[in-house]
Amino acid sequence: MTCTTELIPLYSSSQGNSTLIKINGINILIDCGKSCKMISEALISCGVYPDDVSALFLTHGHSDHIQGVTVFSKKYHTPIFATKGTMKKISQTYSEVSIISDNEIIPFKDNGFEVWAFPTPHDIDGSVIYKVRNLMSGKDVCVMTDLGQFTPAMKGFAKGACAILLESNYDRKMLQDGPYPYPLKMRIASGHGHISNDICHEAAESLIREGTRYIMLGHLSPTNNTEEIAEESFVRYMDGRDLIRGRDYELKIASKTGPTEGFAL
Ligand SMILES: [Zn+2]
Ligand SMILES: [Zn+2]
């Protein structure tokens with residue numbers, strides 16, 4: 001068995017999310033929030049046939065995370081892991097479904113890894129984030145988006161993870177001045193919606209100081225953020241705290257339109 005972990009975002013934004021994790025020769029997907037066709041094309045461009053996805057983990061039932069699940073699962077018979085709240089949002093599946101709790105460790109002992117679920121205060125029943133632990137290397141990878149807030153409990157969950165896909169959803173000023181209706185602006189910033197670039201910076205600082213090296217910013221809002229603003233503000237914030245890119249951490253921005261070159265651990 002080869003001992004490797006790769007974190008590869010296929011799509012990441014408020015318009016659709018799916019993340020490929022290659023671990024010890026196995027492929028798993030976290031979320032399936034684009035059409036089956038788009039997810040399949042993205043996988044193939046990363047050298048993975050969709051039939052070779054061994055498991056599909058869902059974070060929550062918003063359409064930008066589950067849009068392609070029904071068709072993908074019918075076509076490729078991929079086993080699905082999701083909370084009860086999330087499964088309620090899926091009309092029909094043709095695969096084996098495992099209902100997990102929002103605080104469960106799912107073992108894949110034969111393949112040398114575990115998947116950990118953890119609840120978030122996001123505004124939908126059964127919303128979780130995931131940590132994938134490579135039992136051979138001891139390295140953890142976390143996928144943390146749609147957080148609502150970054151709680152001390154989440155910090156504990158992600159502490160020491162080698163690589164993290166971390167939400168950096170909106171620039172406060174762009175959200176404030178932007179075109180969204182007032183109730184939607186309030187929902188996003190409510191503590192049950194998404195986390196801003198500012199909150200992401202504070203979260204990432206604490207995680208980098210606890211040993212995280214690879215940060216992938218993700219789930220950017222196409223309306224209330226840009227890749228440039230997210231990246232520049234992140235580096236500026238860290239520079240001001242003597243955390244230097246390339247020395248103390250590596251940074252990439254996950255693309256909304258297709259696969260991003262990932263981190264191999
Ligand atoms: Zn989302
Ligand atoms: Zn959501």
# chains A, B, ... in the order shown; residues from 1 in each chain; ligands from 1
call {"tool": "residues_around", "arguments": {"residues": "Met136 (chain A)", "least_positions_apart": "2", "cutoff": "8 Å", "atoms": "only C-alpha atoms", "output": "MDAnalysis selection string"}}
result
chainID A and resid 3 112:113 134 138
call {"tool": "residues_around", "arguments": {"residues": "Gly156 (chain A)", "least_positions_apart": "2", "cutoff": "12 Å", "atoms": "only C-alpha atoms", "output": "list in words"}}
result
Phe118, Lys131, Cys142, Phe150, Thr151, Pro152, Ala153, Met154, Ala158, Lys159, Gly160, Ala161, Ala203, Ser206, Leu207 and Glu210 of chain A
call {"tool": "write_last_selection", "arguments": {"atoms": "N, CA and C atoms", "output": "compact mmCIF listing (two decimals), in the first residue's frame"}}
result
# COMPACT_ATOMS: atom_id res chain seq x y z
N PHE A 118 -17.57 16.27 12.08
CA PHE A 118 -17.68 17.20 13.22
C PHE A 118 -18.76 18.23 12.89
N LYS A 131 -12.47 15.54 8.66
CA LYS A 131 -11.01 15.39 8.77
C LYS A 131 -10.68 13.99 8.30
N CYS A 142 -8.04 18.44 6.54
CA CYS A 142 -9.39 18.87 6.90
C CYS A 142 -10.04 19.63 5.75
N PHE A 150 -15.93 30.30 13.42
CA PHE A 150 -14.81 29.39 13.72
C PHE A 150 -14.76 29.26 15.23
N THR A 151 -15.27 28.14 15.73
CA THR A 151 -15.43 27.97 17.17
C THR A 151 -14.17 27.33 17.78
N PRO A 152 -13.98 27.49 19.09
CA PRO A 152 -12.86 26.81 19.76
C PRO A 152 -12.91 25.30 19.54
N ALA A 153 -14.13 24.73 19.48
CA ALA A 153 -14.25 23.28 19.27
C ALA A 153 -13.73 22.89 17.88
N MET A 154 -14.02 23.72 16.88
CA MET A 154 -13.50 23.45 15.53
C MET A 154 -11.98 23.55 15.51
N ALA A 158 -9.39 20.61 14.31
CA ALA A 158 -8.43 20.74 13.20
C ALA A 158 -6.98 20.87 13.66
N LYS A 159 -6.80 20.99 14.97
CA LYS A 159 -5.46 21.24 15.51
C LYS A 159 -4.43 20.23 15.01
N GLY A 160 -3.35 20.73 14.49
CA GLY A 160 -2.26 19.86 14.06
C GLY A 160 -2.44 19.26 12.67
N ALA A 161 -3.57 19.57 12.01
CA ALA A 161 -3.77 19.02 10.65
C ALA A 161 -2.68 19.57 9.74
N ALA A 203 -8.49 32.39 12.11
CA ALA A 203 -8.52 30.92 12.25
C ALA A 203 -7.22 30.31 11.73
N SER A 206 -4.16 30.78 14.01
CA SER A 206 -4.10 29.85 15.15
C SER A 206 -3.73 28.44 14.67
N LEU A 207 -4.21 28.05 13.50
CA LEU A 207 -3.91 26.70 13.00
C LEU A 207 -2.45 26.58 12.57
N GLU A 210 -0.29 26.09 15.39
CA GLU A 210 -0.42 24.73 15.96
C GLU A 210 0.18 23.68 15.03
call {"tool": "residues_near_ligand", "arguments": {"ligand": "ligand 1", "cutoff": "8 Å", "atoms": "only C-alpha atoms and all ligand atoms", "output": "ChimeraX atom specification"}}
result
/A:13-17,62-65,145-146,219
call {"tool": "closest_residue", "arguments": {"among": "A:Ile195, A:Ile124, A:Met38, A:Val97", "to": "ligand 2", "atoms": "only C-alpha atoms and all ligand atoms"}}
result
A:Ile124
call {"tool": "residues_around", "arguments": {"residues": "Glu202 (chain A)", "least_positions_apart": "2", "cutoff": "12 Å", "atoms": "only C-alpha atoms", "output": "mmCIF file with C-alpha atoms, in the first residue's frame"}}
result
data_model
loop_
_atom_site.group_PDB
_atom_site.id
_atom_site.type_symbol
_atom_site.label_atom_id
_atom_site.label_comp_id
_atom_site.auth_asym_id
_atom_site.auth_seq_id
_atom_site.Cartn_x
_atom_site.Cartn_y
_atom_site.Cartn_z
ATOM 1 C CA GLN A 149 -18.169 30.783 12.677
ATOM 2 C CA PHE A 150 -14.813 29.394 13.723
ATOM 3 C CA THR A 151 -15.429 27.967 17.167
ATOM 4 C CA PRO A 152 -12.860 26.813 19.756
ATOM 5 C CA LYS A 155 -10.023 24.692 16.312
ATOM 6 C CA LEU A 166 -10.507 26.574 4.772
ATOM 7 C CA GLU A 167 -13.474 28.781 3.973
ATOM 8 C CA SER A 168 -12.704 32.380 3.029
ATOM 9 C CA ILE A 195 -16.946 33.053 7.473
ATOM 10 C CA SER A 196 -15.327 36.219 6.152
ATOM 11 C CA ASN A 197 -11.753 36.685 5.028
ATOM 12 C CA ASP A 198 -11.043 38.340 8.419
ATOM 13 C CA ILE A 199 -12.317 35.383 10.438
ATOM 14 C CA CYS A 200 -10.447 33.032 8.103
ATOM 15 C CA ALA A 204 -5.596 30.204 9.939
ATOM 16 C CA GLU A 205 -3.144 32.019 12.192
ATOM 17 C CA SER A 206 -4.097 29.851 15.147
ATOM 18 C CA LEU A 207 -3.908 26.697 13.000
ATOM 19 C CA ILE A 208 -0.523 27.598 11.502
ATOM 20 C CA ARG A 209 0.820 28.220 15.021
ATOM 21 C CA SER A 233 -5.325 40.121 2.509
ATOM 22 C CA PHE A 234 -4.295 36.719 3.866
ATOM 23 C CA TYR A 237 -2.350 39.655 7.721
ATOM 24 C CA MET A 238 0.214 36.872 8.230
ATOM 25 C CA ARG A 241 2.267 38.578 12.565
#
call {"tool": "residues_around", "arguments": {"residues": "Val53 (chain A)", "least_positions_apart": "3", "cutoff": "12 Å", "atoms": "only C-alpha atoms", "output": "count of residues only"}}
result
30
call {"tool": "select_by_dssp", "arguments": {"residues": "region 132-187 of chain A", "states": "helix (DSSP H, G or I)", "output": "CSV table (one decimal) with N, CA and C atoms, in the first residue's frame"}}
result
chain,number,residue,atom,x,y,z
A,152,PRO,N,-14.0,27.5,19.1
A,152,PRO,CA,-12.9,26.8,19.8
A,152,PRO,C,-12.9,25.3,19.5
A,153,ALA,N,-14.1,24.7,19.5
A,153,ALA,CA,-14.2,23.3,19.3
A,153,ALA,C,-13.7,22.9,17.9
A,154,MET,N,-14.0,23.7,16.9
A,154,MET,CA,-13.5,23.5,15.5
A,154,MET,C,-12.0,23.6,15.5
A,155,LYS,N,-11.5,24.5,16.2
A,155,LYS,CA,-10.0,24.7,16.3
A,155,LYS,C,-9.4,23.4,16.9
A,156,GLY,N,-10.0,22.9,17.9
A,156,GLY,CA,-9.5,21.7,18.6
A,156,GLY,C,-9.6,20.5,17.6
A,157,PHE,N,-10.7,20.5,16.8
A,157,PHE,CA,-10.9,19.4,15.8
A,157,PHE,C,-9.7,19.4,14.7
A,158,ALA,N,-9.4,20.6,14.3
A,158,ALA,CA,-8.4,20.7,13.2
A,158,ALA,C,-7.0,20.9,13.7
A,172,ARG,N,-15.7,41.7,3.9
A,172,ARG,CA,-16.7,42.4,4.6
A,172,ARG,C,-17.3,43.6,3.9
A,173,LYS,N,-16.4,44.3,3.3
A,173,LYS,CA,-16.8,45.6,2.6
A,173,LYS,C,-17.6,45.2,1.3
A,174,MET,N,-17.1,44.2,0.6
A,174,MET,CA,-17.8,43.8,-0.6
A,174,MET,C,-19.2,43.3,-0.3
A,175,LEU,N,-19.3,42.6,0.8
A,175,LEU,CA,-20.6,42.1,1.2
A,175,LEU,C,-21.5,43.3,1.5
A,176,GLN,N,-21.0,44.2,2.3
A,176,GLN,CA,-21.7,45.4,2.8
A,176,GLN,C,-22.2,46.2,1.6
A,177,ASP,N,-21.3,46.5,0.7
A,177,ASP,CA,-21.6,47.4,-0.4
A,177,ASP,C,-22.2,46.7,-1.6
A,182,TYR,N,-30.7,42.8,1.7
A,182,TYR,CA,-30.3,42.9,3.1
A,182,TYR,C,-30.5,41.6,3.9
A,183,PRO,N,-31.6,40.9,3.9
A,183,PRO,CA,-31.7,39.7,4.7
A,183,PRO,C,-30.7,38.6,4.3
A,184,LEU,N,-30.3,38.6,3.0
A,184,LEU,CA,-29.2,37.6,2.6
A,184,LEU,C,-27.9,38.0,3.2
A,185,LYS,N,-27.6,39.3,3.2
A,185,LYS,CA,-26.3,39.8,3.8
A,185,LYS,C,-26.3,39.4,5.2
A,186,MET,N,-27.4,39.6,5.9
A,186,MET,CA,-27.5,39.3,7.3
A,186,MET,C,-27.3,37.8,7.6
A,187,ARG,N,-27.9,37.0,6.7
A,187,ARG,CA,-27.8,35.5,6.9
A,187,ARG,C,-26.3,35.1,6.7
call {"tool": "closest_residue", "arguments": {"among": "A:Asn224, A:Ser54, A:Thr59, A:Gln67", "to": "Val128 (chain A)", "atoms": "only C-alpha atoms"}}
result
A:Thr59
call {"tool": "select_by_dssp", "arguments": {"residues": "region 28-264 of chain A", "states": "strand (DSSP E)", "output": "PyMOL selection string"}}
result
chain A and resi 28-30+53-57+80-83+97-100+105-108+113-119+128-134+140-144+163-167+214-218+250-253+263-264
call {"tool": "write_last_selection", "arguments": {"atoms": "C-alpha atoms", "output": "PDB file, in the first residue's frame"}}
result
ATOM      1  CA  ILE A  28     -12.765   9.697  -1.914  1.00  0.00           C
ATOM      2  CA  LEU A  29     -14.884  12.739  -2.676  1.00  0.00           C
ATOM      3  CA  ILE A  30     -16.134  15.259  -0.192  1.00  0.00           C
ATOM      4  CA  VAL A  53     -14.164   6.835  -6.339  1.00  0.00           C
ATOM      5  CA  SER A  54     -14.605   4.557  -3.334  1.00  0.00           C
ATOM      6  CA  ALA A  55     -16.769   6.786  -1.163  1.00  0.00           C
ATOM      7  CA  LEU A  56     -18.658  10.045  -1.283  1.00  0.00           C
ATOM      8  CA  PHE A  57     -18.929  12.079   1.919  1.00  0.00           C
ATOM      9  CA  ILE A  80     -22.572   7.663   0.231  1.00  0.00           C
ATOM     10  CA  PHE A  81     -21.827   8.755   3.791  1.00  0.00           C
ATOM     11  CA  ALA A  82     -23.987  11.561   5.193  1.00  0.00           C
ATOM     12  CA  THR A  83     -25.896  12.652   8.252  1.00  0.00           C
ATOM     13  CA  VAL A  97     -26.025   4.901   2.014  1.00  0.00           C
ATOM     14  CA  SER A  98     -24.425   5.019   5.455  1.00  0.00           C
ATOM     15  CA  ILE A  99     -26.058   7.431   7.853  1.00  0.00           C
ATOM     16  CA  ILE A 100     -23.419   8.896  10.129  1.00  0.00           C
ATOM     17  CA  ILE A 105     -15.176   8.428  13.149  1.00  0.00           C
ATOM     18  CA  ILE A 106     -15.593   6.204  10.090  1.00  0.00           C
ATOM     19  CA  PRO A 107     -12.771   3.664   9.855  1.00  0.00           C
ATOM     20  CA  PHE A 108     -11.261   2.395   6.607  1.00  0.00           C
ATOM     21  CA  PHE A 113      -7.248   5.845   7.097  1.00  0.00           C
ATOM     22  CA  GLU A 114     -10.205   7.237   9.026  1.00  0.00           C
ATOM     23  CA  VAL A 115     -12.728   9.951   8.240  1.00  0.00           C
ATOM     24  CA  TRP A 116     -13.874  12.102  11.144  1.00  0.00           C
ATOM     25  CA  ALA A 117     -17.098  14.139  11.058  1.00  0.00           C
ATOM     26  CA  PHE A 118     -17.679  17.198  13.220  1.00  0.00           C
ATOM     27  CA  PRO A 119     -20.783  19.423  13.552  1.00  0.00           C
ATOM     28  CA  VAL A 128     -20.572  18.722   9.266  1.00  0.00           C
ATOM     29  CA  ILE A 129     -16.956  19.222   8.332  1.00  0.00           C
ATOM     30  CA  TYR A 130     -14.503  16.372   7.784  1.00  0.00           C
ATOM     31  CA  LYS A 131     -11.009  15.394   8.775  1.00  0.00           C
ATOM     32  CA  VAL A 132      -9.243  12.552   6.956  1.00  0.00           C
ATOM     33  CA  ARG A 133      -6.548  10.914   9.027  1.00  0.00           C
ATOM     34  CA  ASN A 134      -3.862   8.846   7.348  1.00  0.00           C
ATOM     35  CA  ASP A 140      -4.526  14.824   8.845  1.00  0.00           C
ATOM     36  CA  VAL A 141      -6.308  16.774   6.104  1.00  0.00           C
ATOM     37  CA  CYS A 142      -9.394  18.872   6.905  1.00  0.00           C
ATOM     38  CA  VAL A 143     -12.127  20.249   4.666  1.00  0.00           C
ATOM     39  CA  MET A 144     -13.717  23.148   6.528  1.00  0.00           C
ATOM     40  CA  ALA A 163      -3.353  20.621   5.296  1.00  0.00           C
ATOM     41  CA  ILE A 164      -6.689  22.423   5.471  1.00  0.00           C
ATOM     42  CA  LEU A 165      -9.165  23.580   2.873  1.00  0.00           C
ATOM     43  CA  LEU A 166     -10.507  26.574   4.772  1.00  0.00           C
ATOM     44  CA  GLU A 167     -13.474  28.781   3.973  1.00  0.00           C
ATOM     45  CA  TYR A 214      -0.711  23.886   3.867  1.00  0.00           C
ATOM     46  CA  ILE A 215      -3.676  26.243   3.593  1.00  0.00           C
ATOM     47  CA  MET A 216      -6.070  26.112   0.645  1.00  0.00           C
ATOM     48  CA  LEU A 217      -8.579  28.964   0.717  1.00  0.00           C
ATOM     49  CA  GLY A 218     -11.960  27.860  -0.592  1.00  0.00           C
ATOM     50  CA  GLU A 250       2.064  27.444   1.924  1.00  0.00           C
ATOM     51  CA  LEU A 251      -1.020  29.054   0.421  1.00  0.00           C
ATOM     52  CA  LYS A 252      -3.230  28.285  -2.588  1.00  0.00           C
ATOM     53  CA  ILE A 253      -6.648  29.457  -3.656  1.00  0.00           C
ATOM     54  CA  PHE A 263      -1.190  19.669  -1.922  1.00  0.00           C
ATOM     55  CA  ALA A 264       0.567  16.311  -1.734  1.00  0.00           C
TER      56      ALA A 264
END
call {"tool": "residues_around", "arguments": {"residues": "His192 (chain A)", "least_positions_apart": "4", "cutoff": "6 Å", "atoms": "only C-alpha atoms", "output": "list in words"}}
result
Pro121, His122, Asp123 and Gly148 of chain A
call {"tool": "closest_residue", "arguments": {"among": "A:Pro179, A:Gly246, A:Gly33, A:Gly193", "to": "ligand 2", "atoms": "only C-alpha atoms and all ligand atoms"}}
result
A:Gly193
call {"tool": "closest_residue", "arguments": {"among": "A:Asp239, A:Asp31, A:Glu232, A:Glu261", "to": "ligand 2", "atoms": "only C-alpha atoms and all ligand atoms"}}
result
A:Asp31
call {"tool": "closest_residue", "arguments": {"among": "A:Ser35, A:Cys46, A:Glu104, A:Ala254", "to": "Thr70 (chain A)", "atoms": "only C-alpha atoms"}}
result
A:Ser35
